[in-house]
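S.K.: Got query_2.pdb for you, PDB, C-alpha atoms, pLDDT in the B column:
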ATOM      1  CA  MET R1414      38.046 -32.726 -40.180  1.00 45.00           C
ATOM      2  CA  SER R1415      36.755 -30.879 -37.107  1.00 45.00           C
ATOM      3  CA  VAL R1416      37.658 -31.704 -33.524  1.00 49.00           C
ATOM      4  CA  TRP R1417      34.256 -30.394 -32.372  1.00 47.00           C
ATOM      5  CA  SER R1418      31.498 -32.914 -31.843  1.00 44.00           C
ATOM      6  CA  THR R1419      28.646 -32.704 -34.310  1.00 45.00           C
ATOM      7  CA  VAL R1420      26.340 -34.373 -31.775  1.00 44.00           C
ATOM      8  CA  VAL R1421      26.252 -31.377 -29.399  1.00 46.00           C
ATOM      9  CA  SER R1422      24.589 -28.225 -30.650  1.00 46.00           C
ATOM     10  CA  PRO R1423      27.161 -25.451 -31.164  1.00 52.00           C
ATOM     11  CA  SER R1424      24.889 -23.011 -29.327  1.00 56.00           C
ATOM     12  CA  LEU R1425      24.591 -25.192 -26.204  1.00 55.00           C
ATOM     13  CA  PRO R1426      26.120 -23.179 -23.346  1.00 62.00           C
ATOM     14  CA  LEU R1427      28.136 -24.496 -20.439  1.00 66.00           C
ATOM     15  CA  SER R1428      25.822 -23.762 -17.550  1.00 67.00           C
ATOM     16  CA  GLY R1429      25.218 -24.467 -13.906  1.00 66.00           C
ATOM     17  CA  VAL R1430      23.027 -23.223 -11.076  1.00 71.00           C
ATOM     18  CA  GLU R1431      24.671 -19.786 -11.337  1.00 68.00           C
ATOM     19  CA  GLY R1432      24.017 -19.405 -15.052  1.00 79.00           C
ATOM     20  CA  VAL R1433      26.137 -19.742 -18.159  1.00 85.00           C
ATOM     21  CA  LEU R1434      29.913 -20.033 -17.795  1.00 89.00           C
ATOM     22  CA  VAL R1435      31.612 -17.024 -19.368  1.00 91.00           C
ATOM     23  CA  SER R1436      35.136 -15.838 -19.930  1.00 91.00           C
ATOM     24  CA  VAL R1437      35.580 -12.450 -18.251  1.00 94.00           C
ATOM     25  CA  SER R1438      38.220 -10.094 -19.669  1.00 93.00           C
ATOM     26  CA  VAL R1439      39.278  -6.930 -17.900  1.00 94.00           C
ATOM     27  CA  SER R1440      41.574  -4.472 -19.656  1.00 92.00           C
ATOM     28  CA  VAL R1441      43.713  -2.321 -17.396  1.00 93.00           C
ATOM     29  CA  GLU R1442      46.617   0.087 -17.723  1.00 91.00           C
ATOM     30  CA  PRO R1443      49.804  -1.697 -16.611  1.00 92.00           C
ATOM     31  CA  PRO R1444      50.392   0.541 -13.553  1.00 93.00           C
ATOM     32  CA  ARG R1445      46.917  -0.386 -12.241  1.00 95.00           C
ATOM     33  CA  LEU R1446      47.355  -4.167 -12.568  1.00 95.00           C
ATOM     34  CA  GLU R1447      48.154  -4.696  -8.887  1.00 96.00           C
ATOM     35  CA  ALA R1448      45.106  -2.638  -7.834  1.00 97.00           C
ATOM     36  CA  LEU R1449      42.918  -4.738 -10.170  1.00 97.00           C
ATOM     37  CA  LEU R1450      44.224  -8.018  -8.749  1.00 97.00           C
ATOM     38  CA  ASP R1451      43.688  -6.725  -5.203  1.00 96.00           C
ATOM     39  CA  ALA R1452      40.098  -5.789  -6.094  1.00 96.00           C
ATOM     40  CA  LEU R1453      39.417  -9.200  -7.661  1.00 96.00           C
ATOM     41  CA  ALA R1454      40.686 -10.869  -4.472  1.00 95.00           C
ATOM     42  CA  HIS R1455      37.651  -9.397  -2.666  1.00 95.00           C
ATOM     43  CA  LEU R1456      35.126 -11.259  -4.817  1.00 94.00           C
ATOM     44  CA  GLU R1457      32.972 -13.832  -3.035  1.00 92.00           C
ATOM     45  CA  PHE R1458      34.270 -16.626  -5.258  1.00 92.00           C
ATOM     46  CA  PRO R1459      37.799 -17.743  -6.184  1.00 91.00           C
ATOM     47  CA  ILE R1460      39.334 -16.750  -9.491  1.00 91.00           C
ATOM     48  CA  ASN R1461      42.435 -17.972 -11.264  1.00 91.00           C
ATOM     49  CA  PRO R1462      43.316 -15.142 -13.638  1.00 95.00           C
ATOM     50  CA  GLN R1463      45.472 -15.345 -16.718  1.00 94.00           C
ATOM     51  CA  ILE R1464      47.419 -12.149 -17.323  1.00 95.00           C
ATOM     52  CA  TYR R1465      48.499 -10.971 -20.764  1.00 92.00           C
ATOM     53  CA  HIS R1466      50.856  -8.007 -21.029  1.00 90.00           C
ATOM     54  CA  ASP R1467      51.230  -5.570 -23.944  1.00 80.00           C
ATOM     55  CA  VAL R1468      47.948  -6.498 -25.606  1.00 77.00           C
ATOM     56  CA  GLY R1469      46.722  -4.120 -28.289  1.00 69.00           C
ATOM     57  CA  VAL R1470      43.148  -3.080 -27.442  1.00 63.00           C
ATOM     58  CA  ALA R1471      41.557  -0.145 -29.276  1.00 63.00           C
ATOM     59  CA  GLY R1472      44.953   0.898 -30.627  1.00 70.00           C
ATOM     60  CA  GLN R1473      46.572   1.118 -27.180  1.00 75.00           C
ATOM     61  CA  SER R1474      48.910  -1.227 -25.370  1.00 78.00           C
ATOM     62  CA  THR R1475      47.226  -2.561 -22.243  1.00 88.00           C
ATOM     63  CA  THR R1476      47.235  -5.501 -19.864  1.00 92.00           C
ATOM     64  CA  LEU R1477      44.418  -8.039 -20.128  1.00 93.00           C
ATOM     65  CA  VAL R1478      43.257 -10.154 -17.177  1.00 96.00           C
ATOM     66  CA  GLU R1479      41.000 -13.101 -18.033  1.00 95.00           C
ATOM     67  CA  PHE R1480      39.189 -15.561 -15.788  1.00 95.00           C
ATOM     68  CA  PRO R1481      36.106 -17.805 -15.922  1.00 94.00           C
ATOM     69  CA  ALA R1482      32.967 -16.879 -13.985  1.00 93.00           C
ATOM     70  CA  TYR R1483      29.276 -17.634 -14.067  1.00 91.00           C
ATOM     71  CA  GLU R1484      26.961 -15.126 -15.715  1.00 91.00           C
ATOM     72  CA  ASN R1485      25.071 -14.471 -12.457  1.00 92.00           C
ATOM     73  CA  ARG R1486      28.354 -13.174 -10.958  1.00 93.00           C
ATOM     74  CA  LEU R1487      28.838 -10.442 -13.588  1.00 93.00           C
ATOM     75  CA  PRO R1488      26.916  -7.726 -11.691  1.00 93.00           C
ATOM     76  CA  GLU R1489      29.057  -8.441  -8.609  1.00 94.00           C
ATOM     77  CA  ILE R1490      32.253  -8.222 -10.672  1.00 94.00           C
ATOM     78  CA  ARG R1491      31.228  -4.992 -12.407  1.00 94.00           C
ATOM     79  CA  SER R1492      30.028  -3.383  -9.181  1.00 94.00           C
ATOM     80  CA  LEU R1493      33.212  -4.222  -7.307  1.00 95.00           C
ATOM     81  CA  LEU R1494      35.432  -2.940 -10.106  1.00 95.00           C
ATOM     82  CA  GLU R1495      33.436   0.296 -10.462  1.00 95.00           C
ATOM     83  CA  THR R1496      33.663   0.819  -6.691  1.00 95.00           C
ATOM     84  CA  CYS R1497      37.439   0.385  -6.976  1.00 95.00           C
ATOM     85  CA  GLY R1498      37.661   2.991  -9.758  1.00 95.00           C
ATOM     86  CA  PHE R1499      37.765   0.791 -12.855  1.00 94.00           C
ATOM     87  CA  PRO R1500      35.497   1.865 -15.740  1.00 91.00           C
ATOM     88  CA  ALA R1501      32.526  -0.366 -16.591  1.00 82.00           C
ATOM     89  CA  GLY R1502      33.772  -0.532 -20.186  1.00 86.00           C
ATOM     90  CA  SER R1503      36.938  -2.319 -19.084  1.00 90.00           C
ATOM     91  CA  VAL R1504      34.971  -5.536 -18.365  1.00 92.00           C
ATOM     92  CA  ARG R1505      33.852  -7.827 -21.179  1.00 91.00           C
ATOM     93  CA  ALA R1506      32.214 -11.248 -20.970  1.00 90.00           C
ATOM     94  CA  THR R1507      32.108 -13.878 -23.703  1.00 87.00           C
ATOM     95  CA  ALA R1508      30.339 -17.239 -23.566  1.00 81.00           C
ATOM     96  CA  MET R1509      33.005 -19.769 -22.621  1.00 77.00           C
ATOM     97  CA  LEU R1510      32.417 -22.090 -25.585  1.00 68.00           C
ATOM     98  CA  ASP R1511      32.577 -19.127 -27.977  1.00 71.00           C
ATOM     99  CA  SER R1512      35.776 -17.981 -26.304  1.00 67.00           C
ATOM    100  CA  ILE R1513      37.341 -21.439 -26.653  1.00 65.00           C
ATOM    101  CA  ARG R1514      36.200 -21.968 -30.242  1.00 67.00           C
ATOM    102  CA  CYS R1515      37.293 -18.523 -31.399  1.00 70.00           C
ATOM    103  CA  GLY R1516      40.558 -18.704 -29.515  1.00 64.00           C
ATOM    104  CA  HIS R1517      39.892 -15.449 -27.618  1.00 53.00           C
ATOM    105  CA  SER R1518      42.936 -14.606 -25.572  1.00 52.00           C
ATOM    106  CA  ALA R1519      45.674 -12.049 -25.619  1.00 43.00           C
ATOM    107  CA  ALA R1520      46.541 -13.130 -29.156  1.00 42.00           C
ATOM    108  CA  SER R1521      43.106 -12.216 -30.493  1.00 48.00           C
ATOM    109  CA  ALA R1522      41.899  -9.525 -28.076  1.00 46.00           C
ATOM    110  CA  GLY R1523      42.255  -6.818 -30.655  1.00 46.00           C
ATOM    111  CA  SER R1524      40.613  -8.814 -33.434  1.00 43.00           C
ATOM    112  CA  SER R1525      36.965  -9.212 -34.266  1.00 43.00           C
ATOM    113  CA  GLY R1526      36.870 -12.899 -33.203  1.00 47.00           C
ATOM    114  CA  CYS R1527      35.511 -15.739 -35.355  1.00 50.00           C
TER     115      CYS R1527
END
Do you think you could lay out the structure here as structure tokens?

M.R.:
Amino acid sequence: MSVWSTVVSPSLPLSGVEGVLVSVSVSVEPPRLEALLDALAHLEFPINPQIYHDVGVAGQSTTLVEFPAYENRLPEIRSLLETCGFPAGSVRATAMLDSIRCGHSAASAGSSGC
């Protein structure tokens, strides 16, 4: 038995006037965590990040910061982080429903997902 409704299409995104809701993940070396959080504080919208320590990403131990944002905000996020010296490849966005259904979090960051 599934807890997911069969009435709603599984591909239906959560969306609003700013686009589709996504889960943004930023991987950072532990010593740079404070700098990342300071940079994120300068975004034009509030975030409530979840922080996961000692996550295995690409065979290395790293810290993962996750927060929800709308798709239209991704260029702003990437631009700010690049300006603050974080590589573009450190930011990843996943559709929120996919993230919830696949259980993407620190526990599955190093896995291939669903």

S.K.: So, with only C-alpha atoms as the atoms that count, which of R:Glu1484, R:Glu1495, R:Glu1479, R:Glu1489 lies closest to Ile1460 (chain R)?

M.R.: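 Of the candidates, the smallest distance to Ile1460 (chain R) is held by R:Glu1479.
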
S.K.: Name the residues in contact with Pro1459 (chain R) at a cut-off of 12 Å, using all atoms listed in the file, excluding same-chain residues fewer than 2 positions from it; report them as a compact mmCIF listing (two decimals) with C-alpha atoms, in the frame of the given file.

M.R.:
# COMPACT_ATOMS: atom_id res chain seq x y z
CA LEU R 1450 44.22 -8.02 -8.75
CA LEU R 1453 39.42 -9.20 -7.66
CA ALA R 1454 40.69 -10.87 -4.47
CA HIS R 1455 37.65 -9.40 -2.67
CA LEU R 1456 35.13 -11.26 -4.82
CA GLU R 1457 32.97 -13.83 -3.04
CA ASN R 1461 42.44 -17.97 -11.26
CA PRO R 1462 43.32 -15.14 -13.64
CA PHE R 1480 39.19 -15.56 -15.79
CA PRO R 1481 36.11 -17.80 -15.92
CA ALA R 1482 32.97 -16.88 -13.98
CA TYR R 1483 29.28 -17.63 -14.07
CA ARG R 1486 28.35 -13.17 -10.96
CA ILE R 1490 32.25 -8.22 -10.67

S.K.: Set the distance at 10 Å and use all atoms listed in the file: which residues neighbour Gly1498 (chain R) once local chain neighbours fewer than 4 positions away are removed? I'd like the list as a PyMOL selection string.

M.R.: chain R and resi 1448-1449+1452+1492-1494

S.K.: On this structure, which residues satisfy the PyMOL selection byres ((chain R and resi 1478) around 8), written as a list in words?

M.R.: Ser1438, Val1439, Ser1440, Val1441, Pro1462, Gln1463, Ile1464, Tyr1465, Thr1476, Leu1477, Glu1479 and Phe1480 of chain R

S.K.: Expressed in Å to a single decimal, how great is the separation between CA of Gly1472 (chain R) and CA of Met1509 (chain R)?

M.R.: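 Those two atoms sit 25.2 Å apart.
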
S.K.: Between CA of Leu1487 (chain R) and CA of Val1504 (chain R), what is the spacing in Å?

M.R.: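 Between these atoms lies a distance of 9.2 Å.
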
S.K.: Quick one: distance from CA of Ala1501 (chain R) to CA of Arg1445 (chain R) in Å, one decimal?

M.R.: 15.0 Å

S.K.: Can you tell me, as lines of an AutoDock Vina configuration file, the centre and edge lengths (Å, one decimal) of the axis-aligned box enclosing all of region 1446-1456 of chain R's listed atoms after padding each side by 8 Å?

M.R.:
center_x = 41.6
center_y = -6.9
center_z = -7.6
size_x = 29.0
size_y = 24.6
size_z = 25.9

S.K.: Taking into account only C-alpha atoms, which residue in the set R:Pro1500, R:Cys1515, R:Pro1444, R:Asn1485 is nearest to Phe1458 (chain R)?

M.R.: R:Asn1485
